[in-house]
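> Below is the structure I would like to discuss, written out as structure tokens.
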Amino acid sequence: MTTLCPVCSNPVESDAAACPQCGFKLLGATQRFEPVPLDDAPPSVEAAPQARAALHVVRGPSAGVTLQLGDEPLSIGRSPQCDVFLNDMTVSRSHAAVEPDGGGYVIRDANSFNGVWVNNESVECRRLASGDVIQIGAFCLVYKEE
């Protein structure tokens, strides 16, 4: 059985370790994770002065990274083609999207394997409030209106 390479869309055998056309390393299936228990207070994050809103990565391989949100939706996933690349096997290739909505932002699950968790609750779609803790696979992000 063949599938398509997520980078170049060329056919790839299901047991291949890499795409024969572009060399993209196929990482295999998404791994299961368990949500991280949250303390009573989410981690505090300093706000950047000129940004409307941002996602701050506070746990996971990219801890310390700040992702500024703007007027365009952002795709989130393990695929290098996503706007926000979270490189971990607990993240689906196309995991979620954060979209502007009426002066704020919503997060939508993109039918991911492990789901999207906001404040330790599994959600399909949720309007974000400042201080919300979002878990996507091994990553923990704090949404902050700034």
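Chains: A, B, ... in order of the structure tokens. Residues: from 1 per chain. Ligands: from 1, in order shown.
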Counting only C-alpha atoms, what is within 10 Å of Gln21 (chain A), bar same-chain residues fewer than 4 positions away, as a list in words?
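Listed by chain and then number, they are Cys5, Val7, Cys8, Ser9, Asn10, Pro11 and Val12 of chain A.
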> Leaving out Ser130 (chain A) and any residue of its chain fewer than 5 positions from it, which residues lie within 10 Å of it when counting only C-alpha atoms, given as number ranges by chain?
A: 53-55, 104, 142-146
> List the spatial neighbours of region 62-78 of chain A as an mmCIF file with C-alpha atoms, in the first residue's frame - criterion: any atom at most 10 Å away, only C-alpha atoms, same-chain residues fewer than 3 positions off excluded.

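Once written, around.cif looks like this:
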```
data_model
loop_
_atom_site.group_PDB
_atom_site.id
_atom_site.type_symbol
_atom_site.label_atom_id
_atom_site.label_comp_id
_atom_site.auth_asym_id
_atom_site.auth_seq_id
_atom_site.Cartn_x
_atom_site.Cartn_y
_atom_site.Cartn_z
ATOM 1 C CA LEU A 27 8.287 9.476 11.380
ATOM 2 C CA THR A 30 1.419 9.363 16.126
ATOM 3 C CA VAL A 45 4.190 34.387 31.317
ATOM 4 C CA ALA A 47 3.429 39.697 27.915
ATOM 5 C CA ALA A 48 5.081 41.224 24.838
ATOM 6 C CA GLN A 50 2.963 45.226 20.883
ATOM 7 C CA ALA A 51 1.317 41.844 20.210
ATOM 8 C CA ARG A 52 -2.470 41.391 20.284
ATOM 9 C CA ALA A 53 -2.216 37.794 21.446
ATOM 10 C CA ALA A 54 0.376 35.064 21.589
ATOM 11 C CA LEU A 55 0.911 31.429 22.421
ATOM 12 C CA HIS A 56 3.822 30.803 24.788
ATOM 13 C CA VAL A 57 5.302 27.301 24.788
ATOM 14 C CA VAL A 58 5.934 26.467 28.454
ATOM 15 C CA ARG A 59 6.466 22.690 28.212
ATOM 16 C CA GLN A 81 4.069 22.437 6.132
ATOM 17 C CA CYS A 82 2.139 23.660 9.215
ATOM 18 C CA ASP A 83 2.497 27.287 10.289
ATOM 19 C CA VAL A 84 3.414 26.095 13.792
ATOM 20 C CA PHE A 85 5.696 23.046 13.588
ATOM 21 C CA LEU A 86 5.623 20.959 16.790
ATOM 22 C CA ASN A 87 8.150 18.201 16.230
ATOM 23 C CA ASP A 88 7.061 15.357 18.486
ATOM 24 C CA MET A 89 5.426 11.969 17.803
ATOM 25 C CA THR A 90 2.501 12.791 20.161
ATOM 26 C CA VAL A 91 1.430 15.562 17.748
ATOM 27 C CA SER A 92 -0.552 14.631 14.610
ATOM 28 C CA ARG A 93 0.764 15.841 11.267
ATOM 29 C CA SER A 94 -2.204 18.218 11.045
ATOM 30 C CA HIS A 95 -3.307 18.592 14.665
ATOM 31 C CA ALA A 96 -5.171 21.886 15.178
ATOM 32 C CA ALA A 97 -5.708 25.463 14.024
ATOM 33 C CA VAL A 98 -5.913 28.774 15.871
ATOM 34 C CA GLU A 99 -8.185 31.249 14.101
ATOM 35 C CA PRO A 100 -9.170 34.876 14.734
ATOM 36 C CA ASP A 101 -12.818 35.159 15.793
ATOM 37 C CA GLY A 103 -11.772 40.158 18.419
ATOM 38 C CA GLY A 104 -10.348 36.998 19.986
ATOM 39 C CA TYR A 105 -9.181 33.574 18.901
ATOM 40 C CA VAL A 106 -10.559 30.048 18.768
ATOM 41 C CA ILE A 107 -8.681 26.773 18.656
ATOM 42 C CA ARG A 108 -10.076 23.898 16.562
ATOM 43 C CA ASP A 109 -9.019 20.272 16.660
ATOM 44 C CA ALA A 110 -8.219 18.997 13.145
ATOM 45 C CA SER A 112 -6.092 14.703 15.650
ATOM 46 C CA ILE A 136 -1.127 19.494 22.157
ATOM 47 C CA GLY A 137 0.733 16.233 22.530
ATOM 48 C CA ALA A 138 3.848 16.750 24.644
ATOM 49 C CA PHE A 139 3.562 20.534 24.272
ATOM 50 C CA CYS A 140 1.935 22.865 26.764
ATOM 51 C CA LEU A 141 1.150 26.401 25.560
ATOM 52 C CA VAL A 142 -0.325 29.386 27.393
ATOM 53 C CA TYR A 143 -2.606 31.723 25.441
ATOM 54 C CA LYS A 144 -2.061 35.325 26.470
ATOM 55 C CA GLU A 145 -3.902 38.435 25.263
#
```
> CA of Gly60 (chain A) and CA of Pro37 (chain A) are how many Å apart?
14.2 Å
> Per DSSP on the backbone, what are the strand (DSSP E or B) residues of region 82-134 of chain A, as a list in words?
Val84, Phe85, Ala96, Ala97, Val98, Glu99, Pro100, Asp101, Gly104, Tyr105, Val106, Ile107, Arg108, Asp109, Val116, Trp117, Val118, Glu121, Ser122, Val123, Cys125, Arg126, Arg127, Val133 and Ile134 of chain A
> With only C-alpha atoms as the basis for distance, which of A:Leu38, A:Val118, A:Leu26, A:Ala129 is at the shortest distance from Ser14 (chain A)?
A:Leu26
> Can you work out which one of A:Pro61, A:Pro80, A:Gly102, A:Pro35 has the shortest atom-to-atom distance to Ser122 (chain A), counting only C-alpha atoms?
A:Pro35
> Give the answer as one residue: which of A:Cys19, A:Cys125, A:Val116, A:Ile134 has the shortest atom-to-atom distance to Thr3 (chain A), using only C-alpha atoms?
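Nearest candidate to Thr3 (chain A) out of A:Cys19, A:Cys125, A:Val116, A:Ile134: A:Cys19.
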> What does the distance from CA of Asn114 (chain A) to CA of Gln135 (chain A) come to in Å, to one decimal?
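Between CA of Asn114 (chain A) and CA of Gln135 (chain A) the gap works out to 9.8 Å.
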> Calculate how many Å separate CA of Ser79 (chain A) from CA of Glu121 (chain A), rounding to one decimal.
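Going from CA of Ser79 (chain A) over to CA of Glu121 (chain A), I get 24.6 Å.
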